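Participant: Here it is: the structure, laid out below.
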Amino acid sequence: MFHILIADPISDEGLDVLVDNENITLTKDTGLTPEELENRIATFDALLVRSQTKVTRSIIEKAKNLKIIGRAGVGVDNIDLDAATENGIIVVNAPNGNTNSAAEHTMAMIMSLSRKIPQAHSGLKNHKWERSKYVGVEVKNKTLGIVGLGRIGTEVAYRAKGQRMNVIAYDPFLTEEKAEKMGIEYGELEDVLNKADYITVHTPLMKETRHMISVDAFRQMKDGVHIINCARGGIIDEEALYDALVSGKVAGAAIDVLEEEPFQDHKLLELSQVVATPHLGASTVEAQENVAIDVCHDVQKHLTGD
Ligand code: MLT
């Protein structure tokens, strides 16, 4: 019998894959503290998480029976991969299932920033009819700079072209030929920073990308640039972003993620030119079903030797 602990909310459509297997038992226990997880993990063969649960070295070292960690989503920055590897534990993610949702959320953030929709909405909810306060800007003919042209960055590029934006992208794996095929411009990071009216990041969080958008990067940007982060907190230096917003260098920022989550009281949220959502990029019915099904299939196959 294999025992699986589900430590974050995972869609039932995915869990059905496991429920149907008579050699598997599921325990759903979401919202455990790190200490509680450390105390409970020893008896489980598999652990399923989204991004909330931090699977640290000390948890992994207590996980004497653990064979696999399934991450229902893309980013594995909440899992100590070195510790997992040293302890012979496989880590699987679901890299495809939430691509569309993340790209759609990014476009929604770009439009919200440009047309001040969240601010105008909350004005109306407070019984204020303030048309002149919420004059926006069009995105047509503006340049969108994409840092990281993987699955999500690529989908954002196609959607931005649909909005008649010019797109310039930087990615260490992007070639001029591929950019040409996609109808976008290929650039180094500095080119993206220099030319873009909107900059959206779509890289994973790794030591190479931590604070990639720093004081120095903001210095290289156009005045009045808009910044979007629906990828991972930590890619943008939050202090540098705050200062750039306060000085007016950055006209507005749309944030779905911050370094410390959950975030409720961050000083960035106090600025009226910041729109924010609580890490909702992949939170659609479709994406959650897709990633849960993918990761549960992989976990089942690994445990049962399929
Ligand atoms: C991901 O990495 O897949 C997303 O951030 C979604 C999530 O954490 O749930």
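Every chain in the structure tokens has a letter given in the order shown (A, B, ...), and although residue numbers restart at 1 in each chain, ligands are simply numbered from 1 in the order shown.
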Within 9 Å of Ile10 (chain A), counting only C-alpha atoms, which residues show up once you throw out same-chain ones fewer than 5 positions away? Write them as a ChimeraX atom specification, please.

Facilitator: /A:15,48-50,72,288-289,291-292

Participant: Would you output that residue set with N, CA and C atoms, as a CSV table (one decimal), in the first residue's frame?

Facilitator:
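The result, written out as selection.csv:
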```
chain,number,residue,atom,x,y,z
A,15,LEU,N,-7.1,14.0,-8.4
A,15,LEU,CA,-7.1,13.0,-7.3
A,15,LEU,C,-7.8,11.8,-7.7
A,48,LEU,N,2.0,15.5,-2.3
A,48,LEU,CA,1.5,16.4,-3.4
A,48,LEU,C,1.4,17.8,-2.9
A,49,VAL,N,1.9,18.8,-3.6
A,49,VAL,CA,1.9,20.2,-3.2
A,49,VAL,C,1.6,21.1,-4.3
A,50,ARG,N,1.1,22.3,-4.0
A,50,ARG,CA,1.2,23.4,-5.0
A,50,ARG,C,2.3,24.3,-4.6
A,72,ALA,N,1.9,20.2,-8.3
A,72,ALA,CA,0.8,20.5,-9.2
A,72,ALA,C,1.0,22.0,-9.7
A,288,GLN,N,-6.1,24.1,-13.0
A,288,GLN,CA,-6.0,23.3,-11.8
A,288,GLN,C,-6.3,21.8,-12.1
A,289,GLU,N,-7.3,21.6,-13.0
A,289,GLU,CA,-7.6,20.3,-13.4
A,289,GLU,C,-6.4,19.7,-14.2
A,291,VAL,N,-3.2,20.5,-14.3
A,291,VAL,CA,-1.9,20.2,-13.5
A,291,VAL,C,-2.1,19.0,-12.5
A,292,ALA,N,-3.3,19.0,-12.0
A,292,ALA,CA,-3.6,17.9,-11.0
A,292,ALA,C,-3.6,16.6,-11.7
```

Participant: Excluding same-chain residues fewer than 2 positions from region 34-42 of chain A, what lies within 12 Å of it counting only C-alpha atoms, as a VMD selection string?

Facilitator: chain A and resid 3 to 8 27 29 to 32 44 to 49 52 to 67 69

Participant: What would the file look like if the residues just selected were written as a CSV table (one decimal), in the first residue's frame with C-alpha atoms?

Facilitator:
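again-v1.csv written:
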```csv
chain,number,residue,atom,x,y,z
A,3,HIS,CA,0.3,6.4,1.3
A,4,ILE,CA,0.1,9.9,-0.3
A,5,LEU,CA,-0.2,13.1,1.6
A,6,ILE,CA,-1.9,16.0,-0.1
A,7,ALA,CA,-0.6,19.1,1.6
A,8,ASP,CA,-2.1,21.8,-0.7
A,27,THR,CA,-4.7,11.8,3.2
A,29,ASP,CA,-4.2,17.7,5.2
A,30,THR,CA,-3.8,21.2,3.8
A,31,GLY,CA,-2.5,24.2,5.7
A,32,LEU,CA,0.0,22.2,7.9
A,44,PHE,CA,4.1,8.8,3.5
A,45,ASP,CA,5.4,7.5,0.2
A,46,ALA,CA,4.4,10.5,-1.8
A,47,LEU,CA,3.7,14.2,-1.1
A,48,LEU,CA,1.5,16.4,-3.4
A,49,VAL,CA,1.9,20.2,-3.2
A,52,GLN,CA,2.1,27.2,-0.6
A,53,THR,CA,3.9,24.3,1.1
A,54,LYS,CA,7.6,24.8,1.4
A,55,VAL,CA,9.3,21.4,1.2
A,56,THR,CA,12.5,22.2,3.0
A,57,ARG,CA,15.6,20.1,3.7
A,58,SER,CA,14.5,19.4,7.3
A,59,ILE,CA,11.1,18.1,6.1
A,60,ILE,CA,12.8,15.9,3.4
A,61,GLU,CA,15.3,14.5,6.0
A,62,LYS,CA,12.4,13.3,8.1
A,63,ALA,CA,10.7,11.7,5.1
A,64,LYS,CA,12.1,8.3,5.5
A,65,ASN,CA,9.6,6.6,3.2
A,66,LEU,CA,9.1,9.4,0.7
A,67,LYS,CA,9.7,8.3,-2.9
A,69,ILE,CA,7.1,14.8,-4.5
```

Participant: Identify, counting only C-alpha atoms and all ligand atoms, the protein, DNA and RNA residues located within 10 Å of ligand 1, and give them as a count of residues only.

Facilitator: 42

Participant: Could you tell me, as a short mmCIF file (atom, residue, chain, number, x, y, z; two decimals) with C-alpha atoms, in the first residue's frame, which residues of region 80-257 of chain A DSSP assigns to alpha helix (DSSP H) when given the backbone?

Facilitator:
```cif
data_model
loop_
_atom_site.label_atom_id
_atom_site.label_comp_id
_atom_site.auth_asym_id
_atom_site.auth_seq_id
_atom_site.Cartn_x
_atom_site.Cartn_y
_atom_site.Cartn_z
CA LEU A 81 15.74 19.92 -5.00
CA ASP A 82 19.28 19.24 -3.73
CA ALA A 83 17.94 17.69 -0.54
CA ALA A 84 15.42 15.62 -2.53
CA THR A 85 18.13 14.38 -4.90
CA GLU A 86 20.52 13.52 -2.06
CA THR A 99 0.35 27.89 -19.47
CA ASN A 100 -2.81 29.44 -20.94
CA SER A 101 -4.13 30.57 -17.60
CA ALA A 102 -0.87 32.27 -16.66
CA ALA A 103 -0.67 33.98 -20.07
CA GLU A 104 -4.29 35.12 -19.86
CA HIS A 105 -3.74 36.49 -16.36
CA THR A 106 -0.68 38.41 -17.57
CA MET A 107 -2.74 40.01 -20.36
CA ALA A 108 -5.51 40.84 -17.88
CA MET A 109 -2.90 42.54 -15.68
CA ILE A 110 -1.50 44.52 -18.63
CA MET A 111 -4.99 45.73 -19.54
CA SER A 112 -5.88 46.45 -15.90
CA LEU A 113 -2.76 48.58 -15.54
CA SER A 114 -3.34 50.42 -18.80
CA ARG A 115 -7.00 51.21 -18.17
CA ILE A 117 -9.70 49.03 -14.10
CA PRO A 118 -9.09 47.90 -10.48
CA GLN A 119 -8.76 51.50 -9.26
CA ALA A 120 -11.88 52.66 -11.14
CA HIS A 121 -13.80 49.63 -9.93
CA SER A 122 -12.95 50.27 -6.31
CA GLY A 123 -13.82 53.98 -6.76
CA LEU A 124 -17.29 53.02 -7.99
CA LYS A 125 -17.71 50.52 -5.17
CA ARG A 151 5.91 28.31 -22.59
CA ILE A 152 4.15 31.15 -20.79
CA GLY A 153 6.28 33.97 -22.24
CA THR A 154 5.60 32.60 -25.74
CA GLU A 155 1.83 32.54 -25.18
CA VAL A 156 2.00 36.10 -23.83
CA ALA A 157 3.89 37.15 -26.98
CA TYR A 158 1.16 35.78 -29.27
CA ARG A 159 -1.59 37.41 -27.24
CA ALA A 160 0.23 40.77 -27.20
CA LYS A 161 0.59 40.63 -30.98
CA GLY A 162 -3.19 40.12 -31.10
CA GLU A 176 16.93 35.16 -34.03
CA GLU A 177 15.32 32.59 -36.34
CA LYS A 178 12.73 31.61 -33.75
CA ALA A 179 11.96 35.25 -32.98
CA GLU A 180 11.56 35.97 -36.67
CA LYS A 181 9.20 33.02 -37.08
CA MET A 182 7.09 34.32 -34.21
CA LEU A 189 18.30 41.88 -21.73
CA GLU A 190 19.54 45.49 -22.12
CA ASP A 191 17.63 45.86 -25.41
CA VAL A 192 14.42 44.74 -23.72
CA LEU A 193 15.03 47.10 -20.80
CA ASN A 194 15.85 50.03 -23.10
CA LYS A 195 13.04 49.66 -25.59
CA VAL A 215 18.19 49.02 -9.37
CA ASP A 216 20.53 48.88 -12.34
CA ALA A 217 17.87 47.32 -14.59
CA PHE A 218 15.34 50.01 -13.64
CA ARG A 219 17.95 52.64 -14.51
CA GLN A 220 18.13 51.26 -18.06
CA GLU A 238 10.95 44.74 -4.56
CA GLU A 239 12.82 47.62 -2.88
CA ALA A 240 14.10 48.78 -6.27
CA LEU A 241 10.60 48.52 -7.75
CA TYR A 242 9.13 50.49 -4.86
CA ASP A 243 11.69 53.28 -5.30
CA ALA A 244 11.16 53.33 -9.07
CA LEU A 245 7.39 53.66 -8.59
CA VAL A 246 7.74 56.41 -6.00
CA SER A 247 10.17 58.37 -8.20
#
```

Participant: When you count only C-alpha atoms, which of these residues is closest to Asp294 (chain A): A:Glu270, A:Asp16, A:Glu138, A:Glu261?

Facilitator: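 Answer, going by the shortest atom-to-atom distance: A:Asp16.
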
Participant: So how many Å separate CA of Leu174 (chain A) and CA of Ile90 (chain A), to one decimal?

Facilitator: 29.0 Å

Participant: Enumerate the residues of region 55-293 of chain A with a DSSP assignment of strand (DSSP E or B), computed from the backbone, and present them as a PDB file with N, CA and C atoms, in the first residue's frame.

Facilitator:
```
ATOM      1  N   VAL A  55       8.752  22.740   0.862  1.00  0.00           N
ATOM      2  CA  VAL A  55       9.311  21.420   1.185  1.00  0.00           C
ATOM      3  C   VAL A  55      10.822  21.602   1.401  1.00  0.00           C
ATOM      4  N   ILE A  68       8.529  10.211  -3.835  1.00  0.00           N
ATOM      5  CA  ILE A  68       8.254  11.200  -4.884  1.00  0.00           C
ATOM      6  C   ILE A  68       7.498  12.400  -4.310  1.00  0.00           C
ATOM      7  N   ILE A  69       7.857  13.577  -4.823  1.00  0.00           N
ATOM      8  CA  ILE A  69       7.111  14.805  -4.492  1.00  0.00           C
ATOM      9  C   ILE A  69       6.493  15.284  -5.798  1.00  0.00           C
ATOM     10  N   GLY A  70       5.188  15.435  -5.807  1.00  0.00           N
ATOM     11  CA  GLY A  70       4.496  15.920  -7.007  1.00  0.00           C
ATOM     12  C   GLY A  70       4.121  17.365  -6.800  1.00  0.00           C
ATOM     13  N   ARG A  71       4.505  18.218  -7.749  1.00  0.00           N
ATOM     14  CA  ARG A  71       4.195  19.656  -7.654  1.00  0.00           C
ATOM     15  C   ARG A  71       3.141  19.962  -8.726  1.00  0.00           C
ATOM     16  N   ILE A  79      10.573  23.722  -3.372  1.00  0.00           N
ATOM     17  CA  ILE A  79      11.059  22.389  -2.977  1.00  0.00           C
ATOM     18  C   ILE A  79      12.585  22.414  -2.979  1.00  0.00           C
ATOM     19  N   ILE A  90      12.298  11.563  -6.024  1.00  0.00           N
ATOM     20  CA  ILE A  90      12.022  12.179  -7.326  1.00  0.00           C
ATOM     21  C   ILE A  90      11.099  13.385  -7.130  1.00  0.00           C
ATOM     22  N   VAL A  91      11.323  14.432  -7.899  1.00  0.00           N
ATOM     23  CA  VAL A  91      10.398  15.577  -7.888  1.00  0.00           C
ATOM     24  C   VAL A  91       9.815  15.709  -9.298  1.00  0.00           C
ATOM     25  N   VAL A  92       8.489  15.706  -9.374  1.00  0.00           N
ATOM     26  CA  VAL A  92       7.857  15.915 -10.696  1.00  0.00           C
ATOM     27  C   VAL A  92       6.977  17.154 -10.623  1.00  0.00           C
ATOM     28  N   ASN A  93       6.981  17.908 -11.718  1.00  0.00           N
ATOM     29  CA  ASN A  93       6.080  19.056 -11.791  1.00  0.00           C
ATOM     30  C   ASN A  93       5.116  18.852 -12.958  1.00  0.00           C
ATOM     31  N   THR A 143       5.448  48.848 -26.990  1.00  0.00           N
ATOM     32  CA  THR A 143       6.353  47.687 -27.036  1.00  0.00           C
ATOM     33  C   THR A 143       6.288  46.916 -25.726  1.00  0.00           C
ATOM     34  N   LEU A 144       6.011  45.636 -25.868  1.00  0.00           N
ATOM     35  CA  LEU A 144       6.029  44.751 -24.701  1.00  0.00           C
ATOM     36  C   LEU A 144       7.364  44.020 -24.674  1.00  0.00           C
ATOM     37  N   GLY A 145       8.100  44.165 -23.601  1.00  0.00           N
ATOM     38  CA  GLY A 145       9.361  43.436 -23.427  1.00  0.00           C
ATOM     39  C   GLY A 145       9.093  42.197 -22.585  1.00  0.00           C
ATOM     40  N   ILE A 146       9.479  41.047 -23.107  1.00  0.00           N
ATOM     41  CA  ILE A 146       9.260  39.800 -22.364  1.00  0.00           C
ATOM     42  C   ILE A 146      10.618  39.241 -21.936  1.00  0.00           C
ATOM     43  N   VAL A 147      10.786  39.083 -20.651  1.00  0.00           N
ATOM     44  CA  VAL A 147      12.032  38.500 -20.133  1.00  0.00           C
ATOM     45  C   VAL A 147      11.707  37.048 -19.784  1.00  0.00           C
ATOM     46  N   ASN A 166       3.984  45.720 -30.241  1.00  0.00           N
ATOM     47  CA  ASN A 166       5.270  45.224 -30.740  1.00  0.00           C
ATOM     48  C   ASN A 166       5.880  44.417 -29.598  1.00  0.00           C
ATOM     49  N   VAL A 167       6.514  43.322 -29.938  1.00  0.00           N
ATOM     50  CA  VAL A 167       7.067  42.479 -28.871  1.00  0.00           C
ATOM     51  C   VAL A 167       8.571  42.317 -29.066  1.00  0.00           C
ATOM     52  N   ILE A 168       9.309  42.536 -27.997  1.00  0.00           N
ATOM     53  CA  ILE A 168      10.751  42.233 -27.995  1.00  0.00           C
ATOM     54  C   ILE A 168      10.984  41.277 -26.821  1.00  0.00           C
ATOM     55  N   ALA A 169      11.768  40.224 -27.060  1.00  0.00           N
ATOM     56  CA  ALA A 169      11.948  39.239 -25.986  1.00  0.00           C
ATOM     57  C   ALA A 169      13.416  38.906 -25.784  1.00  0.00           C
ATOM     58  N   TYR A 170      13.732  38.623 -24.531  1.00  0.00           N
ATOM     59  CA  TYR A 170      15.053  38.112 -24.189  1.00  0.00           C
ATOM     60  C   TYR A 170      14.894  36.761 -23.513  1.00  0.00           C
ATOM     61  N   GLU A 185      10.694  40.698 -32.012  1.00  0.00           N
ATOM     62  CA  GLU A 185      12.097  41.094 -32.087  1.00  0.00           C
ATOM     63  C   GLU A 185      12.902  40.319 -31.047  1.00  0.00           C
ATOM     64  N   TYR A 186      14.121  39.962 -31.438  1.00  0.00           N
ATOM     65  CA  TYR A 186      15.027  39.254 -30.526  1.00  0.00           C
ATOM     66  C   TYR A 186      15.943  40.293 -29.895  1.00  0.00           C
ATOM     67  N   TYR A 198       6.269  48.254 -21.672  1.00  0.00           N
ATOM     68  CA  TYR A 198       5.761  47.319 -20.656  1.00  0.00           C
ATOM     69  C   TYR A 198       6.803  46.210 -20.554  1.00  0.00           C
ATOM     70  N   ILE A 199       7.142  45.794 -19.345  1.00  0.00           N
ATOM     71  CA  ILE A 199       8.085  44.675 -19.191  1.00  0.00           C
ATOM     72  C   ILE A 199       7.424  43.605 -18.320  1.00  0.00           C
ATOM     73  N   THR A 200       7.351  42.405 -18.868  1.00  0.00           N
ATOM     74  CA  THR A 200       6.761  41.300 -18.111  1.00  0.00           C
ATOM     75  C   THR A 200       7.800  40.185 -17.971  1.00  0.00           C
ATOM     76  N   VAL A 201       7.908  39.626 -16.770  1.00  0.00           N
ATOM     77  CA  VAL A 201       8.936  38.589 -16.556  1.00  0.00           C
ATOM     78  C   VAL A 201       8.282  37.205 -16.535  1.00  0.00           C
ATOM     79  N   ILE A 213      15.780  41.881 -12.116  1.00  0.00           N
ATOM     80  CA  ILE A 213      15.301  43.239 -12.357  1.00  0.00           C
ATOM     81  C   ILE A 213      15.634  44.032 -11.090  1.00  0.00           C
ATOM     82  N   VAL A 225       7.708  53.402 -17.733  1.00  0.00           N
ATOM     83  CA  VAL A 225       7.512  51.992 -18.081  1.00  0.00           C
ATOM     84  C   VAL A 225       6.494  51.337 -17.123  1.00  0.00           C
ATOM     85  N   HIS A 226       5.850  50.287 -17.606  1.00  0.00           N
ATOM     86  CA  HIS A 226       4.948  49.491 -16.754  1.00  0.00           C
ATOM     87  C   HIS A 226       5.600  48.120 -16.521  1.00  0.00           C
ATOM     88  N   ILE A 227       5.477  47.620 -15.318  1.00  0.00           N
ATOM     89  CA  ILE A 227       6.135  46.344 -14.952  1.00  0.00           C
ATOM     90  C   ILE A 227       5.074  45.322 -14.542  1.00  0.00           C
ATOM     91  N   ILE A 228       5.246  44.111 -15.028  1.00  0.00           N
ATOM     92  CA  ILE A 228       4.277  43.049 -14.688  1.00  0.00           C
ATOM     93  C   ILE A 228       5.044  41.827 -14.191  1.00  0.00           C
ATOM     94  N   ASN A 229       4.626  41.289 -13.060  1.00  0.00           N
ATOM     95  CA  ASN A 229       5.219  40.030 -12.582  1.00  0.00           C
ATOM     96  C   ASN A 229       4.117  39.048 -12.208  1.00  0.00           C
ATOM     97  N   ILE A 236      12.059  40.214  -9.414  1.00  0.00           N
ATOM     98  CA  ILE A 236      12.194  41.670  -9.345  1.00  0.00           C
ATOM     99  C   ILE A 236      12.594  42.050  -7.919  1.00  0.00           C
ATOM    100  N   VAL A 250       8.847  54.268 -12.937  1.00  0.00           N
ATOM    101  CA  VAL A 250       7.876  53.235 -13.331  1.00  0.00           C
ATOM    102  C   VAL A 250       6.478  53.828 -13.121  1.00  0.00           C
ATOM    103  N   ALA A 251       5.669  53.810 -14.208  1.00  0.00           N
ATOM    104  CA  ALA A 251       4.337  54.434 -14.111  1.00  0.00           C
ATOM    105  C   ALA A 251       3.347  53.547 -13.356  1.00  0.00           C
ATOM    106  N   GLY A 252       3.532  52.253 -13.474  1.00  0.00           N
ATOM    107  CA  GLY A 252       2.594  51.353 -12.801  1.00  0.00           C
ATOM    108  C   GLY A 252       3.154  49.945 -12.769  1.00  0.00           C
ATOM    109  N   ALA A 253       2.699  49.179 -11.807  1.00  0.00           N
ATOM    110  CA  ALA A 253       3.168  47.785 -11.724  1.00  0.00           C
ATOM    111  C   ALA A 253       1.987  46.880 -11.420  1.00  0.00           C
ATOM    112  N   ALA A 254       2.008  45.718 -12.047  1.00  0.00           N
ATOM    113  CA  ALA A 254       0.975  44.701 -11.793  1.00  0.00           C
ATOM    114  C   ALA A 254       1.684  43.485 -11.217  1.00  0.00           C
ATOM    115  N   ILE A 255       1.217  43.097 -10.062  1.00  0.00           N
ATOM    116  CA  ILE A 255       1.936  42.079  -9.294  1.00  0.00           C
ATOM    117  C   ILE A 255       1.006  40.946  -8.902  1.00  0.00           C
ATOM    118  N   VAL A 274      -0.148  50.592  -8.215  1.00  0.00           N
ATOM    119  CA  VAL A 274       0.120  49.140  -8.208  1.00  0.00           C
ATOM    120  C   VAL A 274      -1.211  48.394  -8.208  1.00  0.00           C
ATOM    121  N   VAL A 275      -1.363  47.454  -9.143  1.00  0.00           N
ATOM    122  CA  VAL A 275      -2.517  46.554  -9.079  1.00  0.00           C
ATOM    123  C   VAL A 275      -1.984  45.167  -8.720  1.00  0.00           C
ATOM    124  N   ALA A 276      -2.750  44.453  -7.942  1.00  0.00           N
ATOM    125  CA  ALA A 276      -2.206  43.186  -7.445  1.00  0.00           C
ATOM    126  C   ALA A 276      -3.284  42.130  -7.303  1.00  0.00           C
TER     127      ALA A 276
END
```

Participant: Any idea what's packed within 12 Å of Gly305 (chain A), counting only C-alpha atoms, ignoring anything in its chain fewer than 5 positions away? Could you give it as a VMD selection string?

Facilitator: chain A and resid 2 23 67 297 to 300

Participant: Here is a test: counting only C-alpha atoms, which residue of A:Asp12, A:Asp223, A:Asp171, A:Glu188 is nearest to His202 (chain A)?

Facilitator: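 Going through A:Asp12, A:Asp223, A:Asp171, A:Glu188 one by one, the smallest distance to His202 (chain A) is for A:Asp171.
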
Participant: Using only C-alpha atoms, which of A:Leu18, A:Ile24, A:Ile184, A:Leu149 sits nearest Arg164 (chain A)?

Facilitator: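 Counting only C-alpha atoms, the residue closest to Arg164 (chain A) is A:Ile184.
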